[in-house]
Amino acid sequence: MNKYINKIIILSMATCAVGLTSCKDEPDKYETTSGKPVVNYIRCLSSEVVGQQDDETTKYTNGELVESAYPSSTLCLVGENLRSIVKIFFNDLEANLNTSYTTDNTLIVNVPGSVPGKVSDKMYLITSDKDTVSVDFKVIISAPKLVSMSCEYAPNGSTATIYGSYIIDDPEKPLTVVFKDAAGQDLPANDVTVASDYASVSFTVPEGAVEGPINVTSVYGTAKAPFQYCDTRGLLFDFDGQTGLGNHGWHDRVITSDETSITGKFVQLGDGTAALSEDAGWDDGNFSFEYWCGSWDTPQNVDSGEGIALNNLVDFSNWENMSLKFEMFIPKSSPWKAGAMQIAFEGYDRVTISGNPIDGYSGAVAGANAWIFNGENGQGNYGRALYRPWTTTGSFDTNDEWITVTIPLNNFIYDKDGGTTGVETPKSAADFASLTFFVMGGGIKGEACTPWIKIDNIRAVPNK
């Protein structure tokens with residue numbers, strides 16, 4: 001027994017010795033130093049950083065010496081005794097300090113991404129001796145960055161919200177949201193309320209606001225929204241006579257107005273009683289709206305009037321930098337729980353109302369058909385957008401309000417089941433002659449439902 005105990009003691013002592021030796025043999029172990037750090041200069045390690053307040057051609061390249069930076073930029077401090085630093089603050093925000101990248105002469109740190117509560121234009125280096133060394137350094141807070149608006153057609157006097165980042169209110173200079181009136185003069189919104197995360201601002205659309213740009217100004221600058229209020233640029237269907245276009249295909253989809261109308265008449269998919277199965281099977285009689293260009297003449301007319309090709313109505317030459325937009329209303333009483341809103345543009349070779357020849361066009365001309373949706377004749381891989389917001393929570397409605405839906409035209413890349421392999425995506429402006437909406441399939445099962453989807457002001461507009 002003593003023999004075994006002695007062996008265990010010897011083994012334990014050997015293990016301890018190895019452990020002690022290992023601790024002593026870690027030359028790369030990080031250890032803080034005493035004294036005060038000295039920062040000689042700072043380099044920016046973020047490549048291709050573009051400042052919103054700079055000219056579009058201005059870029060800060062990797063390694064440039066800087067005295068200021070934007071939130072989330074990566075910096076390298078170069079100096080002496082930098083391992084004495086245990087904390088770094090930019091203004092009143094603490095940065096994450098990763099000692100793995102710290103030496104006596106270099107320290108890499110990311111500028112905090114949040115907005116400071118108090119601006120001093122200083123970097124504060126806290127040492128292991130609890131001393132504070134301040135360094136002049138400015139964190140550049142951008143002017144508001146605006147992304148979208150809850151409803152671009154929100155009526156005068158209604159509440160709307162703009163989403164983005166750096167939407168900052170300041171007691172000395174409150175945030176303003178400015179529209180235009182009929183004379184082109186600035187018209188400030190009322191009841192402006194900024195979210196605590198600076199990611200949105202809600203307001204009352206001012207009486208007298210008309211179609212035009214929206215500017216948002218914070219203490220850090222002014223930003224012009226990449227969208228316009230009541231935008232009629234690229235208007236395809238308003239269902240009130242401005243473009244004169246509506247149903248032009250197999251179905252006479254309901255176009256009407258009611259107490260929910262936002263700008264008069266709208267087209268509706270479903271009516272709150274027509275059912276969609278869990279896999280949203282074929283029901284074109286209730287859930288399809290088509291506008292197929294052309295006429296019954298020979299040659300057929302695609303240049304004007306009813307049946308005009310949409311690419312003769314709106315300029316699609318820069319389609320890669322455009323989006324399809326429309327306003328949508330889904331009542332809480334008839335939520336959407338299944339199927340994808342399949343939205344497809346088509347060229348002459350895919351569909352026209354008659355299939356008759358077209359003056360000046362020598363390619364194939366297709367007649368009225370549903371190939372894009374059911375794959376007849378092997379032609380089911382036409383690119384389309386699939387809009388199915390219900391998949392996030394299992395059910396979707398717009399809370400008895402109108403919202404703006406935005407779908408970039410370069411996102412028309414799916415087949416009818418949500419795949420992308422072998423899809424024939426749009427290639428040029430010629431592929432935007434006709435348009436079809438159809439709630440069907442999409443490759444994801446949901447829950448049987450009776451949705452009522454109202455759509456208005458369908459338009460194709462620039463992304464900026």
# chains A, B, ... in the order shown; residues from 1 in each chain; ligands from 1
call {"tool": "closest_atom_pairs", "arguments": {"of": "segment 108-205 of chain A", "to": "segment 328-331 of chain A", "cutoff": "12 Å", "atoms": "only C-alpha atoms", "output": "JSON lines"}}
result
{"residue": "A:Ser150", "atom": "CA", "partner": "A:Met328", "partner_atom": "CA", "distance": 10.8}
{"residue": "A:Cys151", "atom": "CA", "partner": "A:Met328", "partner_atom": "CA", "distance": 9.0}
{"residue": "A:Glu152", "atom": "CA", "partner": "A:Met328", "partner_atom": "CA", "distance": 11.0}
{"residue": "A:Tyr153", "atom": "CA", "partner": "A:Met328", "partner_atom": "CA", "distance": 10.6}
{"residue": "A:Ala154", "atom": "CA", "partner": "A:Met328", "partner_atom": "CA", "distance": 11.7}
call {"tool": "write_last_selection", "arguments": {"atoms": "N, CA, C and O atoms", "output": "mmCIF file, in the first residue's frame"}}
result
data_model
loop_
_atom_site.group_PDB
_atom_site.id
_atom_site.type_symbol
_atom_site.label_atom_id
_atom_site.label_comp_id
_atom_site.auth_asym_id
_atom_site.auth_seq_id
_atom_site.Cartn_x
_atom_site.Cartn_y
_atom_site.Cartn_z
ATOM 1 N N SER A 150 -42.820 53.845 -43.795
ATOM 2 C CA SER A 150 -43.907 52.893 -43.557
ATOM 3 C C SER A 150 -44.943 52.946 -44.670
ATOM 4 O O SER A 150 -45.411 51.909 -45.143
ATOM 5 N N CYS A 151 -45.315 54.143 -45.088
ATOM 6 C CA CYS A 151 -46.248 54.311 -46.211
ATOM 7 C C CYS A 151 -45.905 55.605 -46.926
ATOM 8 O O CYS A 151 -46.089 56.690 -46.368
ATOM 9 N N GLU A 152 -45.402 55.484 -48.136
ATOM 10 C CA GLU A 152 -44.989 56.670 -48.894
ATOM 11 C C GLU A 152 -46.173 57.501 -49.360
ATOM 12 O O GLU A 152 -45.994 58.644 -49.786
ATOM 13 N N TYR A 153 -47.362 56.941 -49.279
ATOM 14 C CA TYR A 153 -48.583 57.665 -49.645
ATOM 15 C C TYR A 153 -49.436 57.998 -48.423
ATOM 16 O O TYR A 153 -50.641 58.213 -48.539
ATOM 17 N N ALA A 154 -48.830 58.043 -47.244
ATOM 18 C CA ALA A 154 -49.580 58.362 -46.030
ATOM 19 C C ALA A 154 -50.291 59.699 -46.205
ATOM 20 O O ALA A 154 -49.656 60.703 -46.550
#
call {"tool": "select_by_dssp", "arguments": {"residues": "segment 179-251 of chain A", "states": "strand (DSSP E or B)", "output": "MDAnalysis selection string"}}
result
chainID A and resid 179:180 186:188 190:194 200:204 210:218 221:229 235:237 248
call {"tool": "closest_residue", "arguments": {"among": "A:Gly281, A:Gly307, A:Pro462, A:Gly294", "to": "Ile444 of chain A", "atoms": "only C-alpha atoms"}}
result
A:Gly281
call {"tool": "select_by_dssp", "arguments": {"residues": "segment 219-387 of chain A", "states": "alpha helix (DSSP H)", "output": "list in words"}}
result
Asp284, Gly285, Asn286, Phe287, Leu310, Asn311, Asn312, Leu313, Trp371, Ile372, Phe373 and Asn374 of chain A
call {"tool": "residues_around", "arguments": {"residues": "segment 98-102 of chain A", "least_positions_apart": "6", "cutoff": "8 Å", "atoms": "only C-alpha atoms", "output": "number ranges by chain"}}
result
A: 30, 82-83, 108-109
